[in-house]
Structures are given as C-alpha cells and as structure tokens.
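Chemist: Sharing target_17.cif here; it has mmCIF, C-alpha atoms.
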data_run
loop_
_atom_site.group_PDB
_atom_site.id
_atom_site.type_symbol
_atom_site.label_atom_id
_atom_site.label_comp_id
_atom_site.auth_asym_id
_atom_site.auth_seq_id
_atom_site.Cartn_x
_atom_site.Cartn_y
_atom_site.Cartn_z
ATOM 1 C CA MET A 1032 0.000 0.000 0.000
ATOM 2 C CA LYS A 1033 1.220 3.496 -0.851
ATOM 3 C CA HIS A 1034 1.363 6.306 1.698
ATOM 4 C CA GLY A 1035 1.551 10.078 1.659
ATOM 5 C CA ILE A 1036 2.037 13.141 3.837
ATOM 6 C CA GLY A 1037 0.345 16.532 3.906
ATOM 7 C CA HIS A 1038 2.817 19.024 2.440
ATOM 8 C CA LEU A 1039 0.355 21.911 2.003
ATOM 9 C CA THR A 1040 -1.267 24.124 4.627
ATOM 10 C CA ILE A 1041 -4.640 22.404 4.147
ATOM 11 C CA ILE A 1042 -5.758 19.681 1.762
ATOM 12 C CA PRO A 1043 -9.541 19.249 1.401
ATOM 13 C CA VAL A 1044 -10.753 15.672 1.818
ATOM 14 C CA ARG A 1045 -13.974 15.164 -0.145
ATOM 15 C CA ALA A 1046 -16.828 12.672 0.012
ATOM 16 C CA GLU A 1047 -16.575 11.887 -3.704
ATOM 17 C CA PRO A 1048 -13.819 12.269 -6.341
ATOM 18 C CA ALA A 1049 -14.956 15.663 -7.642
ATOM 19 C CA ASP A 1050 -14.125 19.295 -6.916
ATOM 20 C CA SER A 1051 -17.849 19.942 -6.446
ATOM 21 C CA SER A 1052 -18.163 17.244 -3.767
ATOM 22 C CA GLU A 1053 -18.549 18.292 -0.145
ATOM 23 C CA GLN A 1054 -15.485 18.635 2.068
ATOM 24 C CA ILE A 1055 -15.839 16.071 4.850
ATOM 25 C CA THR A 1056 -12.564 16.796 6.638
ATOM 26 C CA GLN A 1057 -9.155 18.372 6.092
ATOM 27 C CA LEU A 1058 -5.651 16.966 5.923
ATOM 28 C CA LEU A 1059 -3.277 19.329 7.729
ATOM 29 C CA PHE A 1060 0.435 19.796 7.139
ATOM 30 C CA GLY A 1061 2.509 16.866 8.379
ATOM 31 C CA GLU A 1062 -0.384 14.420 8.716
ATOM 32 C CA VAL A 1063 0.139 10.975 7.186
ATOM 33 C CA TYR A 1064 -2.319 8.953 5.136
ATOM 34 C CA ALA A 1065 -2.615 5.634 3.302
ATOM 35 C CA ILE A 1066 -3.672 5.567 -0.346
ATOM 36 C CA LEU A 1067 -6.554 3.104 -0.761
ATOM 37 C CA GLU A 1068 -7.558 3.707 -4.379
ATOM 38 C CA GLU A 1069 -6.113 5.598 -7.338
ATOM 39 C CA ARG A 1070 -7.911 7.303 -10.198
ATOM 40 C CA LYS A 1071 -6.607 9.613 -12.890
ATOM 41 C CA LYS A 1072 -7.212 12.814 -10.943
ATOM 42 C CA TRP A 1073 -8.137 11.575 -7.452
ATOM 43 C CA LEU A 1074 -6.892 9.404 -4.608
ATOM 44 C CA ARG A 1075 -9.019 7.753 -1.935
ATOM 45 C CA VAL A 1076 -7.083 8.005 1.314
ATOM 46 C CA ARG A 1077 -7.332 6.980 4.957
ATOM 47 C CA LEU A 1078 -5.895 9.438 7.498
ATOM 48 C CA ALA A 1079 -3.561 7.770 9.954
ATOM 49 C CA PHE A 1080 -4.714 9.855 12.927
ATOM 50 C CA ASP A 1081 -8.440 9.050 12.951
ATOM 51 C CA LYS A 1082 -8.834 6.451 10.145
ATOM 52 C CA TYR A 1083 -11.184 8.809 8.290
ATOM 53 C CA GLU A 1084 -11.537 8.084 4.563
ATOM 54 C CA GLY A 1085 -12.186 10.382 1.628
ATOM 55 C CA TRP A 1086 -10.850 11.683 -1.675
ATOM 56 C CA ILE A 1087 -8.018 14.157 -2.272
ATOM 57 C CA ASP A 1088 -6.794 15.761 -5.483
ATOM 58 C CA ARG A 1089 -3.850 13.761 -6.851
ATOM 59 C CA LYS A 1090 -2.005 17.038 -7.524
ATOM 60 C CA GLN A 1091 -2.049 17.740 -3.786
ATOM 61 C CA SER A 1092 -0.554 14.394 -2.768
ATOM 62 C CA THR A 1093 3.058 13.838 -1.736
ATOM 63 C CA GLU A 1094 4.011 10.170 -1.604
ATOM 64 C CA ILE A 1095 6.318 8.780 1.069
ATOM 65 C CA SER A 1096 7.552 5.296 1.854
ATOM 66 C CA GLN A 1097 5.614 2.986 4.141
ATOM 67 C CA GLU A 1098 8.649 2.946 6.429
ATOM 68 C CA LEU A 1099 8.618 6.734 6.820
ATOM 69 C CA ALA A 1100 4.835 6.794 7.269
ATOM 70 C CA THR A 1101 5.130 4.228 10.065
ATOM 71 C CA LYS A 1102 7.960 6.121 11.757
ATOM 72 C CA ILE A 1103 5.999 9.377 11.727
ATOM 73 C CA SER A 1104 2.827 7.702 12.997
ATOM 74 C CA LYS A 1105 4.668 5.998 15.850
ATOM 75 C CA SER A 1106 6.878 8.939 16.843
ATOM 76 C CA PRO A 1107 5.822 11.384 19.601
ATOM 77 C CA LYS A 1108 3.345 13.960 18.290
ATOM 78 C CA HIS A 1109 4.360 17.603 18.241
ATOM 79 C CA LEU A 1110 1.752 20.109 17.070
ATOM 80 C CA SER A 1111 2.076 23.748 16.137
ATOM 81 C CA PHE A 1112 -0.002 25.856 18.520
ATOM 82 C CA ASP A 1113 0.402 29.264 16.883
ATOM 83 C CA THR A 1114 -2.579 30.348 14.812
ATOM 84 C CA VAL A 1115 -0.267 30.944 11.838
ATOM 85 C CA GLN A 1116 3.438 30.307 11.349
ATOM 86 C CA MET A 1117 5.634 30.666 8.255
ATOM 87 C CA VAL A 1118 8.386 28.114 7.659
ATOM 88 C CA ASP A 1119 11.048 27.769 4.966
ATOM 89 C CA LEU A 1120 10.971 24.353 3.304
ATOM 90 C CA GLY A 1121 13.582 25.341 0.721
ATOM 91 C CA GLY A 1122 13.376 24.647 -2.992
ATOM 92 C CA ILE A 1123 11.532 26.799 -5.507
ATOM 93 C CA THR A 1124 8.590 27.472 -3.197
ATOM 94 C CA LYS A 1125 10.393 28.223 0.023
ATOM 95 C CA HIS A 1126 7.677 29.643 2.212
ATOM 96 C CA HIS A 1127 4.908 27.489 3.644
ATOM 97 C CA ILE A 1128 2.139 28.571 5.995
ATOM 98 C CA LEU A 1129 1.432 26.279 8.926
ATOM 99 C CA LEU A 1130 -1.823 26.629 10.821
ATOM 100 C CA GLN A 1131 -2.597 25.661 14.392
ATOM 101 C CA GLY A 1132 -2.718 21.876 14.670
ATOM 102 C CA SER A 1133 -0.120 21.147 11.990
ATOM 103 C CA THR A 1134 2.101 18.162 12.742
ATOM 104 C CA LEU A 1135 5.857 18.735 13.075
ATOM 105 C CA PRO A 1136 7.510 15.384 12.267
ATOM 106 C CA PHE A 1137 10.512 14.374 14.394
ATOM 107 C CA TYR A 1138 10.514 17.691 16.253
ATOM 108 C CA GLN A 1139 13.581 18.641 18.278
ATOM 109 C CA THR A 1140 14.164 22.015 19.899
ATOM 110 C CA ASN A 1141 13.261 24.723 17.345
ATOM 111 C CA LYS A 1142 13.542 22.281 14.452
ATOM 112 C CA PHE A 1143 11.622 19.473 12.725
ATOM 113 C CA THR A 1144 12.408 17.145 9.842
ATOM 114 C CA PHE A 1145 10.215 17.104 6.748
ATOM 115 C CA LEU A 1146 11.101 14.828 3.807
ATOM 116 C CA ASP A 1147 14.734 14.543 4.971
ATOM 117 C CA GLN A 1148 15.090 18.312 5.362
ATOM 118 C CA ASP A 1149 15.653 20.066 8.675
ATOM 119 C CA VAL A 1150 13.207 22.948 9.058
ATOM 120 C CA ASP A 1151 13.611 25.774 11.564
ATOM 121 C CA PHE A 1152 10.535 26.349 13.707
ATOM 122 C CA ASN A 1153 10.406 28.950 16.476
ATOM 123 C CA GLY A 1154 6.693 28.871 17.244
ATOM 124 C CA GLU A 1155 4.823 27.388 20.194
ATOM 125 C CA VAL A 1156 4.691 23.586 20.200
ATOM 126 C CA ILE A 1157 2.329 21.271 22.100
ATOM 127 C CA SER A 1158 3.129 17.613 22.777
ATOM 128 C CA GLY A 1159 2.340 14.775 25.185
ATOM 129 C CA LYS A 1160 -0.601 14.297 27.545
ATOM 130 C CA HIS A 1161 -2.089 17.336 29.275
ATOM 131 C CA PRO A 1162 -4.378 17.635 32.317
ATOM 132 C CA LYS A 1163 -8.079 18.139 31.754
ATOM 133 C CA GLU A 1164 -8.091 21.769 32.838
ATOM 134 C CA GLU A 1165 -5.824 22.656 29.915
ATOM 135 C CA LEU A 1166 -8.532 21.541 27.486
ATOM 136 C CA ILE A 1167 -10.279 24.849 28.160
ATOM 137 C CA ASP A 1168 -7.211 26.882 27.199
ATOM 138 C CA PHE A 1169 -6.927 24.861 23.992
ATOM 139 C CA ALA A 1170 -10.633 25.395 23.282
ATOM 140 C CA PHE A 1171 -10.439 29.155 23.850
ATOM 141 C CA SER A 1172 -7.640 29.391 21.276
ATOM 142 C CA TYR A 1173 -10.315 28.748 18.606
ATOM 143 C CA LEU A 1174 -12.820 31.294 19.943
ATOM 144 C CA ASN A 1175 -14.591 33.153 17.094
ATOM 145 C CA ALA A 1176 -13.126 30.874 14.414
ATOM 146 C CA PRO A 1177 -15.733 30.727 11.622
ATOM 147 C CA TYR A 1178 -17.805 27.591 11.172
ATOM 148 C CA LEU A 1179 -16.777 25.518 8.153
ATOM 149 C CA TRP A 1180 -18.192 22.097 7.309
ATOM 150 C CA GLY A 1181 -15.281 19.650 7.402
ATOM 151 C CA GLY A 1182 -12.903 22.285 8.822
ATOM 152 C CA ARG A 1183 -10.182 21.607 11.402
ATOM 153 C CA THR A 1184 -8.339 24.944 11.707
ATOM 154 C CA PRO A 1185 -8.832 28.455 13.141
ATOM 155 C CA MET A 1186 -9.569 29.573 9.556
ATOM 156 C CA GLY A 1187 -12.707 27.428 9.637
ATOM 157 C CA ILE A 1188 -13.839 24.530 11.798
ATOM 158 C CA ASP A 1189 -16.940 22.407 12.426
ATOM 159 C CA CYS A 1190 -18.283 21.173 15.751
ATOM 160 C CA SER A 1191 -16.661 17.723 15.763
ATOM 161 C CA GLY A 1192 -13.455 19.026 14.187
ATOM 162 C CA PHE A 1193 -13.299 21.494 17.077
ATOM 163 C CA SER A 1194 -13.677 18.853 19.791
ATOM 164 C CA GLN A 1195 -11.283 16.515 17.970
ATOM 165 C CA MET A 1196 -8.533 19.141 17.655
ATOM 166 C CA VAL A 1197 -8.903 20.362 21.256
ATOM 167 C CA TYR A 1198 -8.537 16.810 22.543
ATOM 168 C CA LYS A 1199 -5.671 16.195 20.116
ATOM 169 C CA PHE A 1200 -3.721 19.033 21.753
ATOM 170 C CA ALA A 1201 -4.321 17.350 25.098
ATOM 171 C CA GLY A 1202 -2.859 14.121 23.717
ATOM 172 C CA TYR A 1203 -6.101 12.182 23.127
ATOM 173 C CA LYS A 1204 -7.575 10.736 19.947
ATOM 174 C CA LEU A 1205 -11.229 11.304 19.130
ATOM 175 C CA PRO A 1206 -13.023 10.031 16.023
ATOM 176 C CA ARG A 1207 -13.817 12.645 13.375
ATOM 177 C CA ASP A 1208 -17.630 12.694 13.608
ATOM 178 C CA ALA A 1209 -19.800 13.652 16.589
ATOM 179 C CA LYS A 1210 -21.866 10.457 16.366
ATOM 180 C CA ASP A 1211 -18.699 8.383 16.787
ATOM 181 C CA GLN A 1212 -17.268 10.600 19.516
ATOM 182 C CA ALA A 1213 -20.506 10.045 21.441
ATOM 183 C CA LEU A 1214 -19.735 6.325 21.681
ATOM 184 C CA LEU A 1215 -16.683 7.006 23.869
ATOM 185 C CA GLY A 1216 -16.362 7.685 27.579
ATOM 186 C CA GLU A 1217 -18.686 7.519 30.576
ATOM 187 C CA ALA A 1218 -22.222 8.891 30.340
ATOM 188 C CA LEU A 1219 -23.231 11.351 33.074
ATOM 189 C CA SER A 1220 -26.782 11.676 34.355
ATOM 190 C CA PHE A 1221 -26.785 15.390 35.137
ATOM 191 C CA ILE A 1222 -24.989 18.533 34.030
ATOM 192 C CA GLU A 1223 -24.050 19.082 37.682
ATOM 193 C CA GLU A 1224 -21.889 15.926 37.533
ATOM 194 C CA ALA A 1225 -19.860 17.250 34.625
ATOM 195 C CA GLU A 1226 -16.487 18.965 34.724
ATOM 196 C CA PRO A 1227 -15.060 21.579 32.371
ATOM 197 C CA GLY A 1228 -13.693 19.688 29.382
ATOM 198 C CA ASP A 1229 -16.395 17.020 29.263
ATOM 199 C CA LEU A 1230 -18.278 16.658 25.981
ATOM 200 C CA ALA A 1231 -21.977 17.357 25.493
ATOM 201 C CA PHE A 1232 -23.790 15.785 22.532
ATOM 202 C CA PHE A 1233 -27.022 16.912 20.899
ATOM 203 C CA ASP A 1234 -29.506 15.123 18.649
ATOM 204 C CA ASN A 1235 -32.205 15.858 16.085
ATOM 205 C CA ASN A 1236 -35.853 14.784 15.965
ATOM 206 C CA GLU A 1237 -34.828 11.375 14.651
ATOM 207 C CA GLY A 1238 -32.464 10.822 17.578
ATOM 208 C CA ALA A 1239 -29.277 11.107 15.519
ATOM 209 C CA ILE A 1240 -26.293 12.864 17.117
ATOM 210 C CA ILE A 1241 -25.689 16.015 15.079
ATOM 211 C CA HIS A 1242 -23.672 18.341 17.347
ATOM 212 C CA VAL A 1243 -20.999 18.348 20.046
ATOM 213 C CA GLY A 1244 -19.535 20.970 22.351
ATOM 214 C CA ILE A 1245 -17.083 21.253 25.249
ATOM 215 C CA LEU A 1246 -18.470 22.084 28.685
ATOM 216 C CA LEU A 1247 -17.185 25.053 30.655
ATOM 217 C CA LYS A 1248 -17.818 25.954 34.287
ATOM 218 C CA ASP A 1249 -21.024 27.595 35.528
ATOM 219 C CA ASN A 1250 -23.313 25.899 32.975
ATOM 220 C CA HIS A 1251 -21.650 27.266 29.859
ATOM 221 C CA ILE A 1252 -20.465 25.517 26.725
ATOM 222 C CA ILE A 1253 -18.035 26.363 23.930
ATOM 223 C CA HIS A 1254 -18.951 24.978 20.531
ATOM 224 C CA ALA A 1255 -18.821 25.664 16.776
ATOM 225 C CA SER A 1256 -22.146 27.010 15.527
ATOM 226 C CA GLY A 1257 -21.771 29.837 13.017
ATOM 227 C CA LYS A 1258 -18.485 30.433 14.798
ATOM 228 C CA VAL A 1259 -16.767 29.015 17.854
ATOM 229 C CA ARG A 1260 -18.865 30.646 20.571
ATOM 230 C CA ILE A 1261 -19.821 30.411 24.233
ATOM 231 C CA ASP A 1262 -23.442 29.850 25.218
ATOM 232 C CA ARG A 1263 -25.388 28.694 28.253
ATOM 233 C CA ILE A 1264 -26.439 25.079 28.633
ATOM 234 C CA ASP A 1265 -29.210 23.547 30.742
ATOM 235 C CA GLN A 1266 -31.014 20.217 30.924
ATOM 236 C CA HIS A 1267 -32.839 21.034 27.684
ATOM 237 C CA GLY A 1268 -29.764 21.972 25.660
ATOM 238 C CA ILE A 1269 -27.892 25.026 24.406
ATOM 239 C CA TYR A 1270 -29.560 28.382 24.987
ATOM 240 C CA ASN A 1271 -28.523 31.163 22.605
ATOM 241 C CA SER A 1272 -29.129 34.466 24.398
ATOM 242 C CA GLU A 1273 -28.905 36.428 21.138
ATOM 243 C CA ALA A 1274 -31.596 34.343 19.449
ATOM 244 C CA ARG A 1275 -33.429 33.938 22.789
ATOM 245 C CA GLU A 1276 -34.075 30.268 22.154
ATOM 246 C CA HIS A 1277 -32.668 26.793 22.617
ATOM 247 C CA THR A 1278 -30.743 25.925 19.465
ATOM 248 C CA HIS A 1279 -29.551 22.373 20.226
ATOM 249 C CA ARG A 1280 -31.293 19.590 22.166
ATOM 250 C CA LEU A 1281 -29.143 17.839 24.758
ATOM 251 C CA ARG A 1282 -28.820 14.066 24.372
ATOM 252 C CA VAL A 1283 -25.934 13.007 26.603
ATOM 253 C CA ILE A 1284 -22.831 14.260 28.418
ATOM 254 C CA LYS A 1285 -19.713 12.141 28.255
ATOM 255 C CA LYS A 1286 -16.579 12.133 30.406
ATOM 256 C CA ILE A 1287 -13.719 11.047 28.143
ATOM 257 C CA PHE A 1288 -10.964 11.211 30.788
#
Represent the structure of the file as structure tokens.

Modeler:
Amino acid sequence: MKHGIGHLTIIPVRAEPADSSEQITQLLFGEVYAILEERKKWLRVRLAFDKYEGWIDRKQSTEISQELATKISKSPKHLSFDTVQMVDLGGITKHHILLQGSTLPFYQTNKFTFLDQDVDFNGEVISGKHPKEELIDFAFSYLNAPYLWGGRTPMGIDCSGFSQMVYKFAGYKLPRDAKDQALLGEALSFIEEAEPGDLAFFDNNEGAIIHVGILLKDNHIIHASGKVRIDRIDQHGIYNSEAREHTHRLRVIKKIF
C-alpha cells in the first residue's frame, strides 16, 4: 500500500472524487495517510490519525515510503499551537504557511524534519498528555473561528473538528464525527456531575447525534455554531441568548478522561 504526507497548509478531503463534492474533513500539514484507491485525478485516502476516509486531489498528494509513514505515525506527536506560522521548506517554493494543529515530524528544539530536510521552527509547540483543565485553554484558542463544514483549523472549523482538535492538543484521539465521539467515555446523568472539558452531545428529531460541544464551568459551553462561541447550557440543551431560544437539544454528556 502506498502512503503520503500533507505538504500543504490544508488539503480538502472530499466525500466523492470531484471538486464539487462536499469537504468532509481536512488533511493538515505533516499528517500521514494511506492511499486506498487511485484514479486519474483523485486518490481515496485513509488518514492515519483518525482512520477517516475520503478523496483528495492527486495534484495535492506527496508520496512517502511505508517505512517513513510508520515512523511518523509511531513517533511522539508535536503540534504547532500558533494560529499561523511561516516556515522555509527550501526549494523553488520556500515559504509554507502552517496553521494551528499542523504536525511537526521528528521535532527537536526549534527544528523538525520534513522529507529529509531540517526545518527551523520557532513557534509554540504542544506535545504529550495534558491535564483536563488545559482543554479549556486549547478550546479558547479557537474562539470566534468561523464555522466551516469539514474544517479543522482556526480559519474554519466544524463542531466535531473542534472537539477533535482540542482533545488532540491534550494528547487524546477522538473520532472525526460527533456520532462516533458520542460512543466514547462515561455517560453522566446530570450537568451538575460534569467537569469543564467534558463533551456534550445533541440530537435531532430522529435521535441522531448532530452536534458536540465542550463544557465550561457555571453551565456554559463552547462549541462551533456559526463560529466558535460560548453559550449557556441547561437540561434542555444550548440556549442562545442572542436568538433567545434553545438551538440544540441535549442528548448526553460524556466524560472522556
């Protein structure tokens, strides 16, 4: 099986092999993937981090060996925490923009290695496991980021991409979609049992999980809805004070760790 690595700031991952197809997630710089199927213009890939599958433009793919893909996947994860950083990858197109959440392969102090090239990096780096209280700091770093279906960056992010990336900074893996995230952890009976950093899930009239947010103290929640915002939450769901109505119906609260 062939493998690749994200060498661009963002690579859209689409539901179908067409530019008009919806973006279902994003491949960020430094993330590794397996190539499952090849067509003339498109590749069906599986992201190593969350096993999510979709189609990327062949022109945006950079192939690497299986050995290198395995080494990167198994090595300690170091993530860029600055909203935006510029790095010099050399060659004709020297300057690359890295967004918050980009992976820095084989990071050592102020330097990482990308395709056998040492790259200087002087930005803030997050790695390892972090205590639960730090989840809130990670979440606030996305505050006011615009909502974008399939997005995973401060330039645009959806509700499950938001919870996934916040937990990723804390050193934990969550699935890509809210319905799959809701299968994890311990269910809590009441909001009063929850701690800041726990996940709240919301359903539609058919009972399907369609939204997720991260609980804050004092019955508040931070979530991506139009933008990453803070609202109140009660036993009924999320209350938007601007709209003066409940916008999401609470289904379950889960303690992941």

Chemist: Once the PyMOL selection byres ((chain A and resi 1225) around 10) is applied to the coordinates I shared, what remains selected? I want it as a ChimeraX atom specification.

Modeler: /A:1218-1224,1226-1231,1246-1248,1250,1284-1286

Chemist: Do a neighbour search on segment 1258-1260 of chain A at 6 Å with all atoms listed in the file, toss out local chain neighbours closer than 5 positions, and write the hits as a short mmCIF file (atom, residue, chain, number, x, y, z; two decimals) with C-alpha atoms, keeping the file's coordinate frame.

Modeler:
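New file out.cif:
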data_model
loop_
_atom_site.label_atom_id
_atom_site.label_comp_id
_atom_site.auth_asym_id
_atom_site.auth_seq_id
_atom_site.Cartn_x
_atom_site.Cartn_y
_atom_site.Cartn_z
CA LEU A 1174 -12.82 31.29 19.94
CA ASN A 1175 -14.59 33.15 17.09
CA ALA A 1176 -13.13 30.87 14.41
CA PRO A 1177 -15.73 30.73 11.62
CA TYR A 1178 -17.80 27.59 11.17
CA ILE A 1253 -18.04 26.36 23.93
#

Chemist: Identify which of the residues A:Gly1244, A:Gly1238, A:Pro1136, A:Gly1216 lies closest to Arg1263 of chain A, counting all atoms listed in the file when measuring atom-to-atom distances.

Modeler: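 Answer, going by the shortest atom-to-atom distance: A:Gly1244.
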
Chemist: In Å, rounded to a single decimal, give me how far atom CA of His1109 of chain A is from atom CA of Ile1066 of chain A.

Modeler: 23.6 Å

Chemist: Residues within 12 Å of Arg1089 of chain A, please, as JSON, numbers by chain. Count all atoms listed in the file; anything in the same chain fewer than 5 positions from it doesn't count.

Modeler: {"A": [1035, 1037, 1042, 1043, 1044, 1048, 1049, 1050, 1066, 1068, 1069, 1070, 1071, 1072, 1073, 1074, 1075, 1076, 1094]}

Chemist: List, as a list in words, every residue that the PyMOL selection byres ((chain A and resi 1241) around 9) selects in the file provided.

Modeler: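 Selection result, ordered by chain and number: Asp1208, Ala1209, Lys1210, Phe1232, Phe1233, Asp1234, Asn1235, Gly1238, Ala1239, Ile1240, His1242 and Val1243 of chain A.
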
Chemist: Which residue out of A:Lys1160, A:Leu1078, A:Ala1065, A:Leu1130 has the minimum interatomic distance to Pro1107 of chain A when only C-alpha atoms are used?

Modeler: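 Nearest to Pro1107 of chain A: A:Lys1160.
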
Chemist: Counting all atoms listed in the file, which residue out of A:Gly1085, A:Gly1121, A:Pro1185, A:Gly1154 sits closest to Leu1135 of chain A?

Modeler: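 The closest residue to Leu1135 of chain A is A:Gly1154.
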
Chemist: One decimal, Å: what's the distance from atom CA of Met1032 of chain A over to atom CA of Gly1181 of chain A, could you say?

Modeler: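 Spanning atom CA of Met1032 of chain A to atom CA of Gly1181 of chain A is a straight-line distance of 26.0 Å.
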
Chemist: With 6 Å of padding per side, what axis-aligned box (centre and edge lengths, Å, one decimal) covers all the listed atoms of segment 1108-1115 of chain A? Give it as AutoDock Vina command-line options.

Modeler:
--center_x 0.9 --center_y 22.5 --center_z 15.2 --size_x 18.9 --size_y 29.0 --size_z 18.7

Chemist: Please report the interatomic distance between atom CA of Glu1155 of chain A and atom CA of Gly1061 of chain A in Å with one decimal.

Modeler: 16.0 Å

Chemist: Which residues come within 12 Å of Asn1236 of chain A, counting only C-alpha atoms, excluding same-chain residues fewer than 6 positions away, as a ChimeraX atom specification?

Modeler: /A:1279-1282

Chemist: Compile the contact shell of segment 1198-1203 of chain A as a list in words: residues with an atom at most 9 Å away, counting all atoms listed in the file, same-chain residues fewer than 6 positions apart removed.

Modeler: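 Residues near the query, excluding close chain neighbours: Lys1108, His1109, Leu1110, Phe1112, Gly1132, Ile1157, Ser1158, Gly1159, Lys1160, His1161, Pro1162, Lys1163, Glu1165, Leu1166, Phe1169 and Ala1170 of chain A.
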
Chemist: What residues have an atom no more than 10 Å from (10.8, 25.9, 22.0) in the file's own frame, counting all atoms listed in the file, and can you write them as a PDB file with C-alpha atoms, keeping the file's coordinate frame?

Modeler:
ATOM      1  CA  GLN A1139      13.581  18.641  18.278  1.00  0.00           C
ATOM      2  CA  THR A1140      14.164  22.015  19.899  1.00  0.00           C
ATOM      3  CA  ASN A1141      13.261  24.723  17.345  1.00  0.00           C
ATOM      4  CA  LYS A1142      13.542  22.281  14.452  1.00  0.00           C
ATOM      5  CA  PHE A1152      10.535  26.349  13.707  1.00  0.00           C
ATOM      6  CA  ASN A1153      10.406  28.950  16.476  1.00  0.00           C
ATOM      7  CA  GLY A1154       6.693  28.871  17.244  1.00  0.00           C
ATOM      8  CA  GLU A1155       4.823  27.388  20.194  1.00  0.00           C
ATOM      9  CA  VAL A1156       4.691  23.586  20.200  1.00  0.00           C
ATOM     10  CA  ILE A1157       2.329  21.271  22.100  1.00  0.00           C
TER      11      ILE A1157
END
